[in-house]
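Enquirer: mmCIF, C-alpha atoms, file entry-v7.cif:
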data_entry
#
loop_
_atom_site.label_atom_id
_atom_site.label_comp_id
_atom_site.auth_asym_id
_atom_site.auth_seq_id
_atom_site.Cartn_x
_atom_site.Cartn_y
_atom_site.Cartn_z
CA MET A 1 81.97 -93.12 -88.86
CA THR A 2 80.53 -89.80 -87.70
CA ARG A 3 79.41 -91.43 -84.45
CA LEU A 4 82.94 -92.69 -83.80
CA LEU A 5 84.44 -89.26 -84.43
CA LEU A 6 81.92 -87.51 -82.19
CA PHE A 7 82.42 -90.15 -79.47
CA ILE A 8 86.17 -89.47 -79.41
CA ASP A 9 85.45 -85.73 -79.39
CA LEU A 10 83.00 -86.24 -76.53
CA LEU A 11 85.52 -88.26 -74.53
CA SER A 12 88.20 -85.59 -74.96
CA SER A 13 85.65 -82.91 -74.08
CA TRP A 14 84.47 -84.71 -70.95
CA VAL A 15 88.01 -85.24 -69.66
CA GLY A 16 89.03 -81.66 -70.45
CA LYS A 17 85.98 -80.14 -68.77
CA CYS A 18 86.35 -82.33 -65.68
CA PHE A 19 89.95 -81.26 -65.21
CA GLY A 20 88.96 -77.68 -66.03
CA TRP A 21 87.59 -77.43 -62.47
CA LEU A 22 91.20 -77.41 -61.30
CA ILE A 23 91.21 -73.73 -62.25
CA LEU A 24 89.07 -73.10 -59.18
CA VAL A 25 91.40 -75.16 -56.99
CA LEU A 26 94.40 -73.25 -58.36
CA THR A 27 92.71 -69.87 -57.87
CA LEU A 28 91.63 -70.65 -54.30
CA GLY A 29 95.05 -72.06 -53.40
CA VAL A 30 96.96 -69.03 -54.71
CA SER A 31 94.47 -66.59 -53.17
CA TYR A 32 94.76 -68.29 -49.79
CA GLU A 33 98.56 -68.16 -49.99
CA VAL A 34 98.50 -64.44 -50.84
CA PHE A 35 96.15 -63.79 -47.93
CA MET A 36 98.24 -65.78 -45.46
CA ARG A 37 101.60 -64.46 -46.66
CA TYR A 38 100.91 -60.75 -47.06
CA LEU A 39 98.11 -60.08 -44.59
CA LEU A 40 98.84 -62.50 -41.75
CA GLY A 41 102.56 -62.96 -42.30
CA ALA A 42 102.21 -66.74 -42.15
CA PRO A 43 103.00 -68.25 -45.57
CA THR A 44 101.97 -71.83 -46.24
CA THR A 45 104.40 -74.64 -46.99
CA TRP A 46 102.26 -76.22 -49.69
CA ALA A 47 101.10 -73.35 -51.96
CA PHE A 48 103.85 -73.70 -54.58
CA ASP A 49 103.33 -77.46 -54.83
CA ILE A 50 99.58 -77.11 -55.19
CA SER A 51 99.95 -74.43 -57.87
CA TYR A 52 102.27 -76.37 -60.18
CA ILE A 53 100.49 -79.70 -59.60
CA THR A 54 97.03 -78.32 -60.39
CA TYR A 55 98.29 -76.27 -63.34
CA GLY A 56 100.31 -79.21 -64.65
CA ALA A 57 97.32 -81.55 -64.46
CA LEU A 58 95.10 -78.99 -66.16
CA PHE A 59 97.64 -78.36 -68.91
CA LEU A 60 98.14 -82.07 -69.56
CA MET A 61 94.52 -83.16 -69.58
CA ALA A 62 93.27 -80.22 -71.65
CA GLY A 63 95.49 -81.15 -74.62
CA ALA A 64 93.14 -83.66 -76.24
CA TYR A 65 90.15 -81.38 -75.58
CA THR A 66 91.90 -78.48 -77.33
CA LEU A 67 92.80 -80.72 -80.26
CA SER A 68 89.20 -81.92 -80.53
CA ARG A 69 88.11 -78.29 -80.90
CA ASN A 70 90.87 -77.56 -83.44
CA GLY A 71 92.15 -74.97 -80.99
CA HIS A 72 95.92 -75.46 -81.10
CA VAL A 73 98.05 -72.68 -82.54
CA ARG A 74 98.62 -72.74 -86.29
CA ALA A 75 99.67 -70.28 -89.01
CA ASP A 76 96.07 -69.24 -89.69
CA VAL A 77 97.12 -66.34 -91.93
CA ILE A 78 98.18 -68.87 -94.58
CA TYR A 79 96.07 -71.86 -93.60
CA ARG A 80 92.70 -70.11 -93.82
CA LEU A 81 93.37 -69.08 -97.44
CA TRP A 82 93.59 -72.71 -98.58
CA LYS A 83 90.70 -74.82 -99.77
CA PRO A 84 89.52 -77.47 -97.26
CA LYS A 85 91.05 -80.23 -99.38
CA THR A 86 94.47 -78.56 -99.27
CA GLN A 87 94.14 -77.96 -95.54
CA ALA A 88 93.30 -81.61 -94.95
CA THR A 89 96.20 -82.82 -97.09
CA VAL A 90 98.73 -80.69 -95.21
CA ASP A 91 97.22 -81.67 -91.85
CA LEU A 92 97.37 -85.37 -92.74
CA ILE A 93 101.04 -85.16 -93.73
CA LEU A 94 101.93 -83.28 -90.54
CA TYR A 95 100.03 -85.76 -88.38
CA ILE A 96 101.92 -88.69 -89.89
CA ILE A 97 105.37 -87.08 -89.88
CA PHE A 98 105.31 -85.16 -86.60
CA PHE A 99 102.24 -85.75 -84.43
CA PHE A 100 102.07 -89.53 -84.08
CA PRO A 101 105.82 -90.13 -83.63
CA ALA A 102 105.92 -87.41 -80.96
CA VAL A 103 102.84 -88.73 -79.15
CA LEU A 104 104.07 -92.33 -79.22
CA ALA A 105 107.42 -91.18 -77.78
CA PHE A 106 105.49 -89.18 -75.18
CA ILE A 107 103.49 -92.26 -74.16
CA TRP A 108 106.54 -94.53 -73.98
CA ALA A 109 108.72 -92.09 -72.02
CA GLY A 110 105.80 -90.96 -69.89
CA TRP A 111 104.90 -94.52 -68.95
CA ASN A 112 108.42 -95.26 -67.66
CA PHE A 113 108.55 -91.91 -65.90
CA ALA A 114 105.14 -92.41 -64.26
CA LYS A 115 105.82 -96.04 -63.32
CA MET A 116 108.94 -95.11 -61.36
CA SER A 117 107.18 -92.20 -59.66
CA VAL A 118 104.22 -94.34 -58.58
CA MET A 119 106.48 -97.20 -57.49
CA PHE A 120 108.40 -94.97 -55.08
CA LYS A 121 105.33 -92.87 -54.11
CA GLU A 122 107.29 -89.77 -55.12
CA LEU A 123 106.85 -86.65 -52.99
CA SER A 124 107.62 -83.03 -53.81
CA ILE A 125 111.16 -81.88 -53.09
CA PHE A 126 110.25 -78.19 -53.28
CA SER A 127 108.69 -77.84 -49.84
CA PRO A 128 108.72 -79.50 -46.41
CA ALA A 129 105.02 -80.34 -46.76
CA GLY A 130 105.82 -83.53 -48.70
CA ILE A 131 102.97 -83.21 -51.22
CA PRO A 132 102.60 -86.37 -53.38
CA VAL A 133 103.49 -85.70 -57.02
CA PHE A 134 103.16 -89.23 -58.37
CA PRO A 135 99.44 -88.72 -59.26
CA LEU A 136 100.47 -85.83 -61.53
CA LYS A 137 103.18 -87.88 -63.21
CA ALA A 138 100.74 -90.76 -63.67
CA LEU A 139 98.70 -88.45 -65.90
CA ILE A 140 101.52 -88.16 -68.45
CA PRO A 141 100.91 -91.47 -70.30
CA VAL A 142 97.13 -91.00 -69.94
CA THR A 143 97.48 -87.68 -71.73
CA GLY A 144 99.46 -89.35 -74.50
CA VAL A 145 96.78 -92.02 -75.02
CA LEU A 146 94.01 -89.39 -75.18
CA LEU A 147 96.03 -87.35 -77.69
CA PHE A 148 96.66 -90.49 -79.74
CA PHE A 149 92.94 -91.31 -80.02
CA GLN A 150 92.04 -87.72 -80.79
CA GLY A 151 94.77 -87.70 -83.45
CA ILE A 152 93.21 -90.78 -85.05
CA ALA A 153 89.85 -88.99 -85.16
CA ASP A 154 91.46 -85.97 -86.81
CA VAL A 155 93.27 -88.12 -89.37
CA ILE A 156 89.93 -89.72 -90.29
CA ARG A 157 88.49 -86.22 -90.67
CA CYS A 158 91.37 -85.31 -92.97
CA ILE A 159 90.75 -88.35 -95.16
CA ILE A 160 87.01 -87.59 -95.34
CA CYS A 161 87.75 -83.97 -96.26
CA ILE A 162 90.20 -85.00 -98.99
CA ARG A 163 87.54 -87.25 -100.49
CA THR A 164 84.55 -84.92 -100.16
CA GLY A 165 86.15 -81.46 -100.22
CA ALA A 166 84.47 -80.42 -96.95
CA TRP A 167 85.40 -80.84 -93.30
CA PRO A 168 83.15 -83.23 -91.37
CA GLN A 169 81.25 -82.14 -88.30
CA ARG A 170 82.96 -81.37 -84.98
CA LEU A 171 81.57 -80.80 -81.52
CA HIS A 172 81.54 -77.10 -80.69
CA ASP A 173 81.00 -75.29 -77.43
CA VAL A 174 83.21 -72.20 -77.53
CA GLU A 175 84.28 -70.11 -80.51
CA GLU A 176 86.97 -67.50 -80.81
CA MET A 177 85.64 -63.98 -81.23
CA GLU A 178 87.31 -63.70 -84.63
CA THR A 179 85.50 -66.81 -85.87
CA ALA A 180 82.17 -65.43 -84.73
CA ILE A 181 82.84 -62.07 -86.40
CA LEU A 182 83.79 -63.72 -89.71
CA ALA A 183 80.65 -65.87 -89.61
CA GLU A 184 78.51 -62.78 -88.92
CA GLN A 185 80.11 -60.87 -91.82
CA GLN A 186 79.52 -63.78 -94.18
CA TYR A 187 75.90 -64.01 -93.06
CA GLN A 188 75.37 -60.28 -93.65
CA GLN A 189 76.95 -60.43 -97.10
CA GLU A 190 74.73 -63.33 -98.14
CA HIS A 191 71.57 -61.62 -96.89
CA ALA A 192 72.59 -58.27 -98.33
CA GLY A 193 72.58 -59.89 -101.77
CA GLU A 194 69.18 -61.45 -101.14
CA ASN A 195 67.74 -58.14 -99.92
CA ALA A 196 69.12 -56.31 -102.96
CA ALA A 197 67.58 -58.90 -105.28
CA SER A 198 64.18 -58.70 -103.55
CA GLY A 199 64.34 -54.86 -103.67
CA LYS A 200 64.86 -54.93 -107.44
CA GLY A 201 62.00 -57.36 -107.83
CA ALA A 202 59.67 -55.05 -105.95
#
Rewrite the structure of this file - the entire thing - as structure tokens.
Expert:
Amino acid sequence: MTRLLLFIDLLSSWVGKCFGWLILVLTLGVSYEVFMRYLLGAPTTWAFDISYITYGALFLMAGAYTLSRNGHVRADVIYRLWKPKTQATVDLILYIIFFFPAVLAFIWAGWNFAKMSVMFKELSIFSPAGIPVFPLKALIPVTGVLLFFQGIADVIRCIICIRTGAWPQRLHDVEEMETAILAEQQYQQEHAGENAASGKGA
């Protein structure tokens, strides 16, 4: 079971990191437009299209990756005070009531939306450059499928946590600064007790 969960995490991670390179494309595109517009007085016709297409693709395809890292916004002030079993129970209920219905609707609507866009080879209407936008819209149902599989992995984690009282392993590559600080404080508290005990023994 752990292998399955980590495989889904790895898939979400791989997709998210691949599309993460679009940040460079977006940065270079916007920088080039600024240079051309304000220094040479010759704005491009494609900069706006490139910016929203690259950002849109990045935003879509990073969703499952963020979910795999448990990085979406939540009310941590309350959530972190609960025991893992309570956290898992609440998460499981919310996944069933809100997450899966929303993702399934996203896949269904996104598939119809993307199919029409690809069928007509849709181009951007925001500039005369005629940049194709159907590849971006084709990513919508793909995003939904990735979110669905990552949601299944998280539901399995919730069930395991409810049974065992502890969250199962996740892949980790980046931590928020607050998480690192809390872990460091906990480590120091544990070792402070050990040092005090060894000092008394001496």
Enquirer: Taking 5 positions as the minimum chain separation for residues in the same chain, which residues sit within 8 Å of Leu92 (chain A) when counting only C-alpha atoms? Answer as a short mmCIF file (atom, residue, chain, number, x, y, z; two decimals) with C-alpha atoms, keeping the file's coordinate frame.
Expert:
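Writing the result to result.cif gives the following:
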data_model
loop_
_atom_site.label_atom_id
_atom_site.label_comp_id
_atom_site.auth_asym_id
_atom_site.auth_seq_id
_atom_site.Cartn_x
_atom_site.Cartn_y
_atom_site.Cartn_z
CA VAL A 155 93.27 -88.12 -89.37
CA CYS A 158 91.37 -85.31 -92.97
CA ILE A 159 90.75 -88.35 -95.16
#
Enquirer: Counting all atoms listed in the file, which of A:Tyr32, A:Trp21, A:Phe134, A:Phe98 gets nearest to Val118 (chain A)?
Expert: A:Phe134
Enquirer: Leaving out Arg157 (chain A) and any residue of its chain fewer than 2 positions from it, which residues lie within 8 Å of it when counting all atoms listed in the file, given as a VMD selection string?
Expert: chain A and resid 88 153 to 155 159 to 161 167 to 168
Enquirer: Any chance you could export the current selection's C-alpha atoms as a short mmCIF file (atom, residue, chain, number, x, y, z; two decimals), in the frame of the given file?
Expert:
data_model
loop_
_atom_site.label_atom_id
_atom_site.label_comp_id
_atom_site.auth_asym_id
_atom_site.auth_seq_id
_atom_site.Cartn_x
_atom_site.Cartn_y
_atom_site.Cartn_z
CA ALA A 88 93.30 -81.61 -94.95
CA ALA A 153 89.85 -88.99 -85.16
CA ASP A 154 91.46 -85.97 -86.81
CA VAL A 155 93.27 -88.12 -89.37
CA ILE A 159 90.75 -88.35 -95.16
CA ILE A 160 87.01 -87.59 -95.34
CA CYS A 161 87.75 -83.97 -96.26
CA TRP A 167 85.40 -80.84 -93.30
CA PRO A 168 83.15 -83.23 -91.37
#
Enquirer: For Thr2 (chain A), which residue among A:Gly130, A:Arg170, A:Val103, A:Arg37 is the nearest when counting all atoms listed in the file?
Expert: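 The closest residue to Thr2 (chain A) is A:Arg170.
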Enquirer: Compile the contact shell of Lys85 (chain A) as number ranges by chain: residues with an atom at most 8 Å away, counting all atoms listed in the file, same-chain residues fewer than 5 positions apart removed.
Expert: A: 161-163, 165-166
Enquirer: How far is it from CA of Ser12 (chain A) to CA of Ser68 (chain A), in Å with one decimal?
Expert: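 Taking CA of Ser12 (chain A) as the start and CA of Ser68 (chain A) as the end point, the length is 6.7 Å.
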Enquirer: To one decimal place, how far is CA of Tyr187 (chain A) from CA of Val73 (chain A) in Å?
Expert: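 Pair CA of Tyr187 (chain A) / CA of Val73 (chain A) returns 26.0 Å.
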Enquirer: Work out how far apart CA of Cys18 (chain A) and CA of Tyr65 (chain A) are and give it in Å to one decimal.
Expert: 10.6 Å
Enquirer: Residue by residue, what does the PyMOL selection byres ((chain A and resi 149) around 12) grab here? Present the result as number ranges by chain.
Expert: A: 4-12, 63-65, 67-68, 99-100, 103-104, 142-148, 150-156
Enquirer: Store the residues picked out above in a file with C-alpha atoms, as a CSV table (one decimal), in the coordinates of the input.
Expert:
chain,number,residue,atom,x,y,z
A,4,LEU,CA,82.9,-92.7,-83.8
A,5,LEU,CA,84.4,-89.3,-84.4
A,6,LEU,CA,81.9,-87.5,-82.2
A,7,PHE,CA,82.4,-90.2,-79.5
A,8,ILE,CA,86.2,-89.5,-79.4
A,9,ASP,CA,85.4,-85.7,-79.4
A,10,LEU,CA,83.0,-86.2,-76.5
A,11,LEU,CA,85.5,-88.3,-74.5
A,12,SER,CA,88.2,-85.6,-75.0
A,63,GLY,CA,95.5,-81.2,-74.6
A,64,ALA,CA,93.1,-83.7,-76.2
A,65,TYR,CA,90.2,-81.4,-75.6
A,67,LEU,CA,92.8,-80.7,-80.3
A,68,SER,CA,89.2,-81.9,-80.5
A,99,PHE,CA,102.2,-85.8,-84.4
A,100,PHE,CA,102.1,-89.5,-84.1
A,103,VAL,CA,102.8,-88.7,-79.2
A,104,LEU,CA,104.1,-92.3,-79.2
A,142,VAL,CA,97.1,-91.0,-69.9
A,143,THR,CA,97.5,-87.7,-71.7
A,144,GLY,CA,99.5,-89.4,-74.5
A,145,VAL,CA,96.8,-92.0,-75.0
A,146,LEU,CA,94.0,-89.4,-75.2
A,147,LEU,CA,96.0,-87.4,-77.7
A,148,PHE,CA,96.7,-90.5,-79.7
A,150,GLN,CA,92.0,-87.7,-80.8
A,151,GLY,CA,94.8,-87.7,-83.4
A,152,ILE,CA,93.2,-90.8,-85.0
A,153,ALA,CA,89.8,-89.0,-85.2
A,154,ASP,CA,91.5,-86.0,-86.8
A,155,VAL,CA,93.3,-88.1,-89.4
A,156,ILE,CA,89.9,-89.7,-90.3
Enquirer: Mind checking which residues fall within 9 Å of Thr45 (chain A), counting all atoms listed in the file, ignoring those fewer than 4 positions away in the same chain, and posting them as a ChimeraX atom specification?
Expert: /A:49,127-129
Enquirer: Choose the residue, out of A:Ile140, A:Ala62, A:Leu24, A:Ile53, that has the smallest atom-to-atom separation from Ser124 (chain A); count all atoms listed in the file.
Expert: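 When distances to Ser124 (chain A) are compared using all atoms listed in the file, the smallest one comes from A:Ile53.
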Enquirer: Between A:Val30, A:Ile96, A:Val25, A:Ala42, which residue has the minimum interatomic distance to Ala57 (chain A), considering only C-alpha atoms?
Expert: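 Counting only C-alpha atoms, the residue closest to Ala57 (chain A) is A:Val25.
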Enquirer: With distances taken over only C-alpha atoms, which of A:Leu39, A:Phe19, A:Pro135, A:Phe48 is nearest to Glu122 (chain A)?
Expert: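 Nearest candidate to Glu122 (chain A) out of A:Leu39, A:Phe19, A:Pro135, A:Phe48: A:Pro135.
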Enquirer: Of the residues A:Leu136, A:Met61, A:Leu81, A:Ala47, which is the one nearest to Leu28 (chain A), using all atoms listed in the file?
Expert: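 Answer, going by the shortest atom-to-atom distance: A:Ala47.
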Enquirer: Start from the incomplete input, build all heavy atoms for region 87-98 of chain A, and deliver everything as a JSON list (two decimals), in the frame of the given file.
Expert:
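File produced: result-v5.json:
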[["chain", "number", "residue", "atom", "x", "y", "z"],
["A", 87, "GLN", "N", 93.93, -77.96, -96.98],
["A", 87, "GLN", "CA", 94.14, -77.96, -95.54],
["A", 87, "GLN", "C", 94.24, -79.39, -95.00],
["A", 87, "GLN", "O", 95.13, -79.71, -94.20],
["A", 87, "GLN", "CB", 92.98, -77.24, -94.84],
["A", 87, "GLN", "CG", 92.90, -75.76, -95.13],
["A", 87, "GLN", "CD", 91.67, -75.12, -94.52],
["A", 87, "GLN", "OE1", 90.74, -75.81, -94.10],
["A", 87, "GLN", "NE2", 91.66, -73.80, -94.45],
["A", 88, "ALA", "N", 93.33, -80.23, -95.43],
["A", 88, "ALA", "CA", 93.30, -81.61, -94.95],
["A", 88, "ALA", "C", 94.54, -82.38, -95.38],
["A", 88, "ALA", "O", 95.08, -83.19, -94.61],
["A", 88, "ALA", "CB", 92.05, -82.31, -95.47],
["A", 89, "THR", "N", 95.01, -82.13, -96.59],
["A", 89, "THR", "CA", 96.20, -82.82, -97.09],
["A", 89, "THR", "C", 97.44, -82.45, -96.26],
["A", 89, "THR", "O", 98.21, -83.31, -95.84],
["A", 89, "THR", "CB", 96.45, -82.48, -98.57],
["A", 89, "THR", "OG1", 95.29, -82.84, -99.33],
["A", 89, "THR", "CG2", 97.65, -83.22, -99.11],
["A", 90, "VAL", "N", 97.60, -81.15, -96.02],
["A", 90, "VAL", "CA", 98.73, -80.69, -95.21],
["A", 90, "VAL", "C", 98.63, -81.22, -93.79],
["A", 90, "VAL", "O", 99.61, -81.69, -93.21],
["A", 90, "VAL", "CB", 98.80, -79.15, -95.22],
["A", 90, "VAL", "CG1", 99.86, -78.66, -94.23],
["A", 90, "VAL", "CG2", 99.12, -78.64, -96.62],
["A", 91, "ASP", "N", 97.42, -81.17, -93.21],
["A", 91, "ASP", "CA", 97.22, -81.67, -91.85],
["A", 91, "ASP", "C", 97.57, -83.16, -91.76],
["A", 91, "ASP", "O", 98.22, -83.60, -90.81],
["A", 91, "ASP", "CB", 95.77, -81.47, -91.40],
["A", 91, "ASP", "CG", 95.50, -80.04, -90.97],
["A", 91, "ASP", "OD1", 96.45, -79.23, -90.94],
["A", 91, "ASP", "OD2", 94.34, -79.72, -90.68],
["A", 92, "LEU", "N", 97.12, -83.93, -92.74],
["A", 92, "LEU", "CA", 97.37, -85.37, -92.74],
["A", 92, "LEU", "C", 98.87, -85.66, -92.78],
["A", 92, "LEU", "O", 99.36, -86.52, -92.02],
["A", 92, "LEU", "CB", 96.67, -86.02, -93.94],
["A", 92, "LEU", "CG", 96.80, -87.54, -94.07],
["A", 92, "LEU", "CD1", 96.22, -88.24, -92.85],
["A", 92, "LEU", "CD2", 96.11, -88.02, -95.34],
["A", 93, "ILE", "N", 99.59, -84.96, -93.63],
["A", 93, "ILE", "CA", 101.04, -85.16, -93.73],
["A", 93, "ILE", "C", 101.73, -84.82, -92.40],
["A", 93, "ILE", "O", 102.58, -85.56, -91.92],
["A", 93, "ILE", "CB", 101.62, -84.30, -94.88],
["A", 93, "ILE", "CG1", 101.11, -84.82, -96.22],
["A", 93, "ILE", "CG2", 103.15, -84.32, -94.84],
["A", 93, "ILE", "CD1", 101.43, -83.91, -97.40],
["A", 94, "LEU", "N", 101.31, -83.71, -91.81],
["A", 94, "LEU", "CA", 101.93, -83.28, -90.54],
["A", 94, "LEU", "C", 101.60, -84.23, -89.40],
["A", 94, "LEU", "O", 102.44, -84.48, -88.53],
["A", 94, "LEU", "CB", 101.48, -81.86, -90.20],
["A", 94, "LEU", "CG", 101.97, -80.77, -91.15],
["A", 94, "LEU", "CD1", 101.41, -79.41, -90.75],
["A", 94, "LEU", "CD2", 103.50, -80.72, -91.19],
["A", 95, "TYR", "N", 100.39, -84.77, -89.40],
["A", 95, "TYR", "CA", 100.03, -85.76, -88.38],
["A", 95, "TYR", "C", 100.92, -86.99, -88.48],
["A", 95, "TYR", "O", 101.41, -87.50, -87.46],
["A", 95, "TYR", "CB", 98.56, -86.17, -88.52],
["A", 95, "TYR", "CG", 97.60, -85.33, -87.72],
["A", 95, "TYR", "CD1", 96.70, -84.46, -88.35],
["A", 95, "TYR", "CD2", 97.58, -85.39, -86.34],
["A", 95, "TYR", "CE1", 95.82, -83.69, -87.63],
["A", 95, "TYR", "CE2", 96.70, -84.62, -85.60],
["A", 95, "TYR", "CZ", 95.82, -83.78, -86.25],
["A", 95, "TYR", "OH", 94.95, -83.00, -85.52],
["A", 96, "ILE", "N", 101.13, -87.46, -89.69],
["A", 96, "ILE", "CA", 101.92, -88.69, -89.89],
["A", 96, "ILE", "C", 103.40, -88.46, -89.58],
["A", 96, "ILE", "O", 104.05, -89.28, -88.93],
["A", 96, "ILE", "CB", 101.73, -89.21, -91.33],
["A", 96, "ILE", "CG1", 100.28, -89.68, -91.53],
["A", 96, "ILE", "CG2", 102.70, -90.35, -91.62],
["A", 96, "ILE", "CD1", 99.94, -90.01, -92.96],
["A", 97, "ILE", "N", 103.94, -87.33, -90.04],
["A", 97, "ILE", "CA", 105.37, -87.08, -89.88],
["A", 97, "ILE", "C", 105.74, -86.63, -88.47],
["A", 97, "ILE", "O", 106.75, -87.08, -87.90],
["A", 97, "ILE", "CB", 105.84, -86.02, -90.90],
["A", 97, "ILE", "CG1", 105.70, -86.56, -92.33],
["A", 97, "ILE", "CG2", 107.29, -85.62, -90.63],
["A", 97, "ILE", "CD1", 106.06, -85.55, -93.40],
["A", 98, "PHE", "N", 104.93, -85.76, -87.87],
["A", 98, "PHE", "CA", 105.31, -85.16, -86.60],
["A", 98, "PHE", "C", 104.45, -85.61, -85.41],
["A", 98, "PHE", "O", 104.98, -85.96, -84.36],
["A", 98, "PHE", "CB", 105.24, -83.62, -86.70],
["A", 98, "PHE", "CG", 106.24, -83.05, -87.66],
["A", 98, "PHE", "CD1", 105.84, -82.53, -88.88],
["A", 98, "PHE", "CD2", 107.59, -83.03, -87.34],
["A", 98, "PHE", "CE1", 106.76, -82.00, -89.76],
["A", 98, "PHE", "CE2", 108.52, -82.50, -88.22],
["A", 98, "PHE", "CZ", 108.10, -81.99, -89.44]]
